[in-house]
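Read the structure below first, then the notes.
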Amino acid sequence: MLAGQRGARRNAAPALFGKGDPPMTYTFTIAIDGPAGAGKGTLARRLADHYRLNLLDTGLTYRAVAHKLLELGLPLDNVSAAETAAHQVDLAKLDRAVLSAHAVGEAASKVAVIPTVRRILVEKQRDFAKAPPGAVLDGRDIGTVVCPDADIKLYVTASAEVRARRRLAEIESIGGSADFAEILADIQRRDERDMGRADSPLKPAADAHLLDTSEMAIEAAFLAAMAIIDDALAKRNKA
Ligand code: C5P
């Protein structure tokens with residue numbers, strides 16, 4: 001599998017924050033949340049590369065559970081099968097090429113409403129975040145539930161229309177075709193499910209920095225995020 005296809009990436013090199021090597025127990029966590037298609041995945045990758053942190057796309061963990069149930073031909077509300085699949089999720093083996101299919105994303109948002117599935121996956125995500133030198137995690141509940149003590153919390157959003165337009169451009173760039181109205185309806189349905197569920201709904205943490213990328217290219221979002229992070233690091237290194 002190509003490194004870029006892996007949903008979880010561990011960085012062997014220690015991150016250098018401030019003067020000298022950080023102690024081996026030093027971790028730094030960047031939590032990125034937001035709705036589907038807001039650009040958090042790209043931003044997370046850029047930040048993990050820049051700060052040399054581990055990287056976990058937590059959406060892939062829910063997708064892996066959904067994919068397993070689809071493969072077995074089981075309904076997505078089969079709680080015990082979903083729990084078993086969640087226990088079997090191996091963060092080192094999340095295959096983006098298989099899991100990124102549109103139908104898997106839809107199915108993931110259905111298994112993501114099962115509280116026990118969330119608990120099993122959140123535990124794995126927290127373990128990942130704890131390993132030095134720290135990590136960038138992106139998802140829906142990172143700043144609120146998975147890593148409430150994250151050093152930096154970003155909430156990345158964009159209007160549903162902009163997100164649908166980006167999704168369409170992405171599909172067309174790889175030679176596919178799709179209907180804009182259908183994509184928009186899908187995005188709105190997914191937002192509703194993610195924001196409306198009882199357990200860990202998508203919402204900005206009280207201390208999250210908001211980044212609206214509707215009118216902002218990803219490079220500008222990256223620079224804005226870097227400014228926020230560098231500022232926090234400077235304060236931390238002074239303390
Ligand atoms: O981010 P991605 O589109 O891959 O996520 C798929 C689905 O997984 C989301 O729509 C959401 O329902 C669920 N998810 C979640 N919590 C996370 C990450 C993803 O509930 N931390």
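Just remember, in the structure tokens the first chain shown is A, the second B, etc., residues are 1-based per chain, and ligands are 1-based in the order shown.
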Each chain A residue no farther than 7 Å from ligand 1, nearest pair in Å, only C-alpha atoms and all ligand atoms, as JSON lines:
```
{"residue": "A:Ala36", "atom": "CA", "partner": "ligand 1", "partner_atom_place_in_ligand_line": "3 (O)", "distance": 5.1}
{"residue": "A:Thr58", "atom": "CA", "partner": "ligand 1", "partner_atom_place_in_ligand_line": "18 (C)", "distance": 4.8}
{"residue": "A:Gly59", "atom": "CA", "partner": "ligand 1", "partner_atom_place_in_ligand_line": "19 (C)", "distance": 3.6}
{"residue": "A:Leu60", "atom": "CA", "partner": "ligand 1", "partner_atom_place_in_ligand_line": "4 (O)", "distance": 5.3}
{"residue": "A:Tyr62", "atom": "CA", "partner": "ligand 1", "partner_atom_place_in_ligand_line": "8 (O)", "distance": 5.0}
{"residue": "A:Arg63", "atom": "CA", "partner": "ligand 1", "partner_atom_place_in_ligand_line": "6 (C)", "distance": 5.9}
{"residue": "A:Gly105", "atom": "CA", "partner": "ligand 1", "partner_atom_place_in_ligand_line": "6 (C)", "distance": 4.7}
{"residue": "A:Glu106", "atom": "CA", "partner": "ligand 1", "partner_atom_place_in_ligand_line": "10 (O)", "distance": 6.6}
{"residue": "A:Ala108", "atom": "CA", "partner": "ligand 1", "partner_atom_place_in_ligand_line": "7 (C)", "distance": 4.6}
{"residue": "A:Ser109", "atom": "CA", "partner": "ligand 1", "partner_atom_place_in_ligand_line": "12 (O)", "distance": 3.1}
{"residue": "A:Lys110", "atom": "CA", "partner": "ligand 1", "partner_atom_place_in_ligand_line": "12 (O)", "distance": 6.6}
{"residue": "A:Ala112", "atom": "CA", "partner": "ligand 1", "partner_atom_place_in_ligand_line": "20 (O)", "distance": 4.7}
{"residue": "A:Asp138", "atom": "CA", "partner": "ligand 1", "partner_atom_place_in_ligand_line": "21 (N)", "distance": 6.7}
{"residue": "A:Gly139", "atom": "CA", "partner": "ligand 1", "partner_atom_place_in_ligand_line": "21 (N)", "distance": 3.6}
{"residue": "A:Arg140", "atom": "CA", "partner": "ligand 1", "partner_atom_place_in_ligand_line": "21 (N)", "distance": 4.1}
{"residue": "A:Asp141", "atom": "CA", "partner": "ligand 1", "partner_atom_place_in_ligand_line": "21 (N)", "distance": 4.9}
{"residue": "A:Ile142", "atom": "CA", "partner": "ligand 1", "partner_atom_place_in_ligand_line": "21 (N)", "distance": 5.9}
{"residue": "A:Arg190", "atom": "CA", "partner": "ligand 1", "partner_atom_place_in_ligand_line": "10 (O)", "distance": 5.8}
{"residue": "A:Arg193", "atom": "CA", "partner": "ligand 1", "partner_atom_place_in_ligand_line": "12 (O)", "distance": 7.0}
{"residue": "A:Asp194", "atom": "CA", "partner": "ligand 1", "partner_atom_place_in_ligand_line": "12 (O)", "distance": 5.1}
```
Margin query: If you run DSSP on the backbone here, which positions in stretch 29-143 of chain A get strand (DSSP E)? Please write them as a PyMOL selection string.
Written below: chain A and resi 29-33+54-57+134-139
For those residues, write C-alpha atoms to a file as a PDB file, in the first residue's frame.
```
ATOM      1  CA  THR A  29      -2.171  17.266  19.780  1.00  0.00           C
ATOM      2  CA  ILE A  30      -3.966  19.130  17.030  1.00  0.00           C
ATOM      3  CA  ALA A  31      -7.702  18.378  16.832  1.00  0.00           C
ATOM      4  CA  ILE A  32      -9.494  19.212  13.594  1.00  0.00           C
ATOM      5  CA  ASP A  33     -13.256  18.896  13.309  1.00  0.00           C
ATOM      6  CA  ASN A  54       1.501  11.460  13.474  1.00  0.00           C
ATOM      7  CA  LEU A  55      -1.711  11.653  11.471  1.00  0.00           C
ATOM      8  CA  LEU A  56      -5.071   9.951  11.883  1.00  0.00           C
ATOM      9  CA  ASP A  57      -8.157  10.444   9.727  1.00  0.00           C
ATOM     10  CA  GLY A 134       1.819  13.663  19.207  1.00  0.00           C
ATOM     11  CA  ALA A 135      -0.681  13.764  16.394  1.00  0.00           C
ATOM     12  CA  VAL A 136      -3.054  15.597  14.152  1.00  0.00           C
ATOM     13  CA  LEU A 137      -6.470  13.929  14.255  1.00  0.00           C
ATOM     14  CA  ASP A 138      -9.385  14.957  12.090  1.00  0.00           C
ATOM     15  CA  GLY A 139     -13.021  14.007  12.465  1.00  0.00           C
TER      16      GLY A 139
END
```
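Among the candidates A:Ala101, A:Ala38, A:Ala64, A:Val117, the one nearest to A:Val79 when counting only C-alpha atoms is A:Val117.
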Notebook entry, point to check: From the list A:Pro204, A:Phe222, A:His102, A:Lys93, which residue is nearest A:Leu168 when using only C-alpha atoms?
Noted result: A:His102
Note to self: Please list as a ChimeraX atom specification every residue within 12 Å of stretch 174-186 of chain A, counting only C-alpha atoms and excluding residues in the same chain fewer than 2 positions away.
What the structure shows: /A:36-37,102-103,105-107,109,159-172,188-193
Margin query: Taking the DSSP secondary structure from the backbone, can you list the residues of stretch 47-133 of chain A that are alpha helix (DSSP H), as a PyMOL selection string?
Written below: chain A and resi 47-51+59-72+79-88+96-99+102-111+115-130
Residues of the last selection are to be written out with C-alpha atoms, as a compact mmCIF listing (two decimals), in the first residue's frame.
```txt
# COMPACT_ATOMS: atom_id res chain seq x y z
CA LEU A 47 -0.07 20.26 9.29
CA ALA A 48 1.18 16.76 10.16
CA ASP A 49 3.90 17.09 7.50
CA HIS A 50 4.89 20.58 8.61
CA TYR A 51 5.04 19.85 12.36
CA GLY A 59 -13.47 9.09 9.58
CA LEU A 60 -11.70 6.05 8.14
CA THR A 61 -12.26 4.13 11.39
CA TYR A 62 -16.06 4.56 11.07
CA ARG A 63 -15.77 3.80 7.37
CA ALA A 64 -13.88 0.56 8.17
CA VAL A 65 -16.75 -0.62 10.40
CA ALA A 66 -19.35 0.27 7.77
CA HIS A 67 -17.30 -1.40 5.03
CA LYS A 68 -17.12 -4.63 7.02
CA LEU A 69 -20.90 -4.74 7.51
CA LEU A 70 -21.52 -4.00 3.82
CA GLU A 71 -19.06 -6.75 2.89
CA LEU A 72 -20.89 -9.23 5.13
CA VAL A 79 -25.18 -3.43 16.85
CA SER A 80 -23.31 -6.58 17.85
CA ALA A 81 -21.79 -7.08 14.37
CA ALA A 82 -20.80 -3.40 14.32
CA GLU A 83 -19.16 -3.74 17.74
CA THR A 84 -17.18 -6.79 16.58
CA ALA A 85 -16.08 -4.91 13.45
CA ALA A 86 -15.07 -1.90 15.58
CA HIS A 87 -12.90 -4.13 17.82
CA GLN A 88 -11.22 -5.48 14.68
CA ARG A 96 -8.08 4.89 1.97
CA ALA A 97 -8.41 3.57 -1.60
CA VAL A 98 -11.05 1.06 -0.49
CA LEU A 99 -12.73 3.13 2.22
CA HIS A 102 -19.04 7.53 -1.47
CA ALA A 103 -21.39 4.74 -0.37
CA VAL A 104 -19.01 3.80 2.45
CA GLY A 105 -19.11 7.39 3.75
CA GLU A 106 -22.90 7.36 3.81
CA ALA A 107 -22.89 3.99 5.60
CA ALA A 108 -20.25 5.24 8.06
CA SER A 109 -22.50 8.05 9.23
CA LYS A 110 -25.13 5.39 10.05
CA VAL A 111 -22.86 3.15 12.15
CA PRO A 115 -22.70 4.68 21.09
CA THR A 116 -20.80 1.42 21.80
CA VAL A 117 -19.11 1.56 18.39
CA ARG A 118 -18.05 5.13 19.14
CA ARG A 119 -16.61 4.12 22.51
CA ILE A 120 -14.52 1.30 21.01
CA LEU A 121 -13.15 3.51 18.23
CA VAL A 122 -12.58 6.54 20.47
CA GLU A 123 -10.38 4.43 22.76
CA LYS A 124 -8.18 3.42 19.79
CA GLN A 125 -8.04 7.04 18.59
CA ARG A 126 -7.00 8.28 22.05
CA ASP A 127 -4.21 5.68 22.24
CA PHE A 128 -2.97 6.86 18.86
CA ALA A 129 -2.98 10.51 19.99
CA LYS A 130 -0.98 9.68 23.14
```
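Atom CA of A:Asp151 lies 8.7 Å from atom CA of A:Ile229.
Distances here use only C-alpha atoms; by that measure, the residue among A:Ala198, A:Ala239, A:Ile152, A:Ala8 closest to A:Asp95 is A:Ala8.
Straight-line separation from atom CA of A:Asp77 to atom CA of A:Pro201: 18.0 Å.
In this structure, atom CA of A:Cys147 sits 13.0 Å away from atom CA of A:Ala131.
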Next item on the list: For A:Ala220, please output as a PyMOL selection string all residues within 12 Å (counting only C-alpha atoms; exclusion window: fewer than 5 positions along the same chain).
Entry: chain A and resi 39+43+46+211-215+225-227
Since we have the selection now, will you write its residues out, keeping N, CA and C atoms, as a compact mmCIF listing (two decimals), in the first residue's frame?
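What landed in again-v3.txt:
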```txt
# COMPACT_ATOMS: atom_id res chain seq x y z
N GLY A 39 -12.50 20.40 3.85
CA GLY A 39 -11.07 20.53 3.59
C GLY A 39 -10.21 20.15 4.78
N LEU A 43 -5.96 19.73 5.13
CA LEU A 43 -5.32 20.59 6.13
C LEU A 43 -4.58 19.73 7.16
N ARG A 46 -1.33 18.46 5.67
CA ARG A 46 -0.32 19.53 5.56
C ARG A 46 0.28 19.85 6.93
N LEU A 211 -12.36 28.15 11.30
CA LEU A 211 -11.77 28.48 9.99
C LEU A 211 -12.84 28.22 8.94
N ASP A 212 -13.39 29.28 8.36
CA ASP A 212 -14.40 29.11 7.32
C ASP A 212 -13.69 29.15 5.97
N THR A 213 -13.68 28.02 5.27
CA THR A 213 -12.92 27.94 4.02
C THR A 213 -13.79 28.21 2.79
N SER A 214 -15.02 28.73 3.00
CA SER A 214 -15.91 29.00 1.85
C SER A 214 -15.23 29.90 0.82
N GLU A 215 -14.55 30.92 1.33
CA GLU A 215 -13.93 31.90 0.42
C GLU A 215 -12.41 31.79 0.48
N ALA A 225 -4.00 28.41 9.90
CA ALA A 225 -3.86 27.40 10.96
C ALA A 225 -2.44 27.46 11.55
N MET A 226 -1.45 27.62 10.65
CA MET A 226 -0.06 27.68 11.11
C MET A 226 0.16 28.86 12.05
N ALA A 227 -0.46 29.99 11.71
CA ALA A 227 -0.29 31.19 12.55
C ALA A 227 -0.86 30.91 13.96
```
